[in-house]
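Notes to accompany the following structure.
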Amino acid sequence: MISHETIYRFIYGQLRRTTDFNWRRYLPRAKSKRGCRGKRGGSPASFIEGRVSLANRPLEVADRSVPGHWEADLMMFSKYGQAVLTVHERTSRLLLGIRLASKVARGVARPEIHTRYP
């Protein structure tokens, strides 16, 4: 009697020994290698220079007692080149959405965005 593991070992061995990838069609997911592919690299947040965690923000910002503190987030969409910058004032909870032509830093941090809205 032959177990399923023996069959899998044979097929994976054939894939390694030969360049005939037709053996993949006998596998359940048609993958050449076993196991999950691991994620490469770390979190994108670790690449940001001078990054400060939200947990370390000042108390007056955390409890929304002082006006003038803004938060921003960049939303990317699946269609290439579509981006919306959302800017949120914490005290009044005013939310602004600005459509951007691209996601480059110079366009996101344009001074006219900040001077156009109070």
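Letters A, B, ... go to the chains of the structure tokens in the order shown; residues in each chain start at 1; ligands are counted from 1 in the same order.
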
* Asked: Would you give me, as a PyMOL selection string, the residues in chain A that DSSP reads as helix (DSSP H, G or I)?
  -> chain A and resi 4-17+21-26+44-47+54-56+59-62+105-108+111-116

Written file, previous selection with C-alpha atoms, as an mmCIF file, in the first residue's frame:
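Saved file part33.cif follows:
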data_model
loop_
_atom_site.group_PDB
_atom_site.id
_atom_site.type_symbol
_atom_site.label_atom_id
_atom_site.label_comp_id
_atom_site.auth_asym_id
_atom_site.auth_seq_id
_atom_site.Cartn_x
_atom_site.Cartn_y
_atom_site.Cartn_z
ATOM 1 C CA HIS A 4 -0.374 9.935 -0.263
ATOM 2 C CA GLU A 5 2.863 11.313 1.193
ATOM 3 C CA THR A 6 4.899 8.873 -0.901
ATOM 4 C CA ILE A 7 3.123 10.077 -4.041
ATOM 5 C CA TYR A 8 3.724 13.729 -3.127
ATOM 6 C CA ARG A 9 7.410 13.035 -2.445
ATOM 7 C CA PHE A 10 7.740 11.369 -5.832
ATOM 8 C CA ILE A 11 6.091 14.285 -7.672
ATOM 9 C CA TYR A 12 8.129 16.930 -5.837
ATOM 10 C CA GLY A 13 11.248 14.873 -6.520
ATOM 11 C CA GLN A 14 10.431 14.771 -10.235
ATOM 12 C CA LEU A 15 9.955 18.534 -10.237
ATOM 13 C CA ARG A 16 13.378 19.004 -8.643
ATOM 14 C CA ARG A 17 15.205 16.480 -10.829
ATOM 15 C CA PHE A 21 6.722 21.139 -14.838
ATOM 16 C CA ASN A 22 3.770 19.102 -16.116
ATOM 17 C CA TRP A 23 4.025 17.108 -12.884
ATOM 18 C CA ARG A 24 2.499 20.115 -11.088
ATOM 19 C CA ARG A 25 -0.952 19.356 -12.489
ATOM 20 C CA TYR A 26 -1.107 16.236 -10.296
ATOM 21 C CA PRO A 44 6.315 49.506 5.858
ATOM 22 C CA ALA A 45 6.016 51.611 9.009
ATOM 23 C CA SER A 46 9.542 50.595 10.021
ATOM 24 C CA PHE A 47 10.948 52.345 6.934
ATOM 25 C CA LEU A 54 0.264 57.525 18.085
ATOM 26 C CA ALA A 55 0.625 56.226 21.632
ATOM 27 C CA ASN A 56 3.361 58.854 22.203
ATOM 28 C CA LEU A 59 -2.180 64.602 26.106
ATOM 29 C CA GLU A 60 -3.953 67.685 24.693
ATOM 30 C CA VAL A 61 -4.070 65.971 21.304
ATOM 31 C CA ALA A 62 -5.319 62.690 22.735
ATOM 32 C CA ALA A 105 5.423 63.188 -1.084
ATOM 33 C CA ARG A 106 5.795 66.609 -2.676
ATOM 34 C CA GLY A 107 2.169 66.508 -3.847
ATOM 35 C CA VAL A 108 0.832 65.225 -0.538
ATOM 36 C CA PRO A 111 1.439 73.996 1.256
ATOM 37 C CA GLU A 112 -1.672 75.160 -0.625
ATOM 38 C CA ILE A 113 -3.656 72.253 0.850
ATOM 39 C CA HIS A 114 -2.994 73.584 4.339
ATOM 40 C CA THR A 115 -3.554 77.256 3.494
ATOM 41 C CA ARG A 116 -6.713 76.696 1.447
#

* To do: Go through A:Glu89, A:Met76, A:Arg99, A:Ser32 and flag the residue nearest Asp20 in chain A, using only C-alpha atoms for the distances.
  =>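 Among the listed residues, the smallest separation from Asp20 in chain A belongs to A:Ser32.
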
* **Contacts of Trp70 in chain A within 12 Å, only C-alpha atoms, excl. fewer than 2 positions in-chain, as JSON, numbers by chain** => {"A": [61, 62, 64, 66, 67, 68, 72, 73, 86, 87, 88, 89, 90, 91, 92, 93, 94, 95, 96, 114, 117, 118]}

* Secondary structure check, strand (DSSP E) residues of range 9-91 of chain A, as a list in words ->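 Assigned to strand (DSSP E), within range 9-91 of chain A: Trp70, Glu71, Ala72, Asp73, Leu74, Met75, Met76, Ala83, Val84, Leu85, Thr86, Val87, His88 and Glu89 of chain A.
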
* To do: Pick out the residues sitting within 7 Å of Val84 in chain A, and hand them over as a ChimeraX atom specification; count only C-alpha atoms, and ignore anything fewer than 5 positions along from it in its own chain.
  => /A:74-76,97-100

Residue selection dump (N, CA, C and O atoms) as a JSON list (two decimals), in the first residue's frame:
[["chain", "number", "residue", "atom", "x", "y", "z"],
["A", 74, "LEU", "N", -3.59, 58.79, 3.60],
["A", 74, "LEU", "CA", -3.61, 58.69, 2.15],
["A", 74, "LEU", "C", -4.27, 57.37, 1.78],
["A", 74, "LEU", "O", -3.81, 56.30, 2.18],
["A", 75, "MET", "N", -5.36, 57.45, 1.04],
["A", 75, "MET", "CA", -6.08, 56.25, 0.62],
["A", 75, "MET", "C", -5.71, 55.96, -0.83],
["A", 75, "MET", "O", -5.84, 56.82, -1.69],
["A", 76, "MET", "N", -5.24, 54.75, -1.08],
["A", 76, "MET", "CA", -4.88, 54.33, -2.43],
["A", 76, "MET", "C", -5.95, 53.36, -2.94],
["A", 76, "MET", "O", -6.50, 52.58, -2.18],
["A", 97, "GLY", "N", -11.62, 65.74, 2.17],
["A", 97, "GLY", "CA", -11.08, 64.77, 1.23],
["A", 97, "GLY", "C", -10.56, 65.50, 0.00],
["A", 97, "GLY", "O", -11.27, 66.31, -0.60],
["A", 98, "ILE", "N", -9.32, 65.23, -0.37],
["A", 98, "ILE", "CA", -8.68, 65.92, -1.48],
["A", 98, "ILE", "C", -8.16, 64.87, -2.45],
["A", 98, "ILE", "O", -7.37, 64.00, -2.07],
["A", 99, "ARG", "N", -8.62, 64.94, -3.71],
["A", 99, "ARG", "CA", -8.15, 63.99, -4.72],
["A", 99, "ARG", "C", -6.79, 64.46, -5.23],
["A", 99, "ARG", "O", -6.61, 65.61, -5.59],
["A", 100, "LEU", "N", -5.83, 63.55, -5.23],
["A", 100, "LEU", "CA", -4.47, 63.86, -5.66],
["A", 100, "LEU", "C", -4.18, 63.25, -7.02],
["A", 100, "LEU", "O", -4.70, 62.19, -7.37]]

* Please, what distance in Å, to one decimal, runs between CA of Gly81 in chain A and CA of Val52 in chain A? ->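 Calculated distance between CA of Gly81 in chain A and CA of Val52 in chain A is 27.8 Å.
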
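CA of Ser65 in chain A sits 23.8 Å away from CA of Arg51 in chain A.
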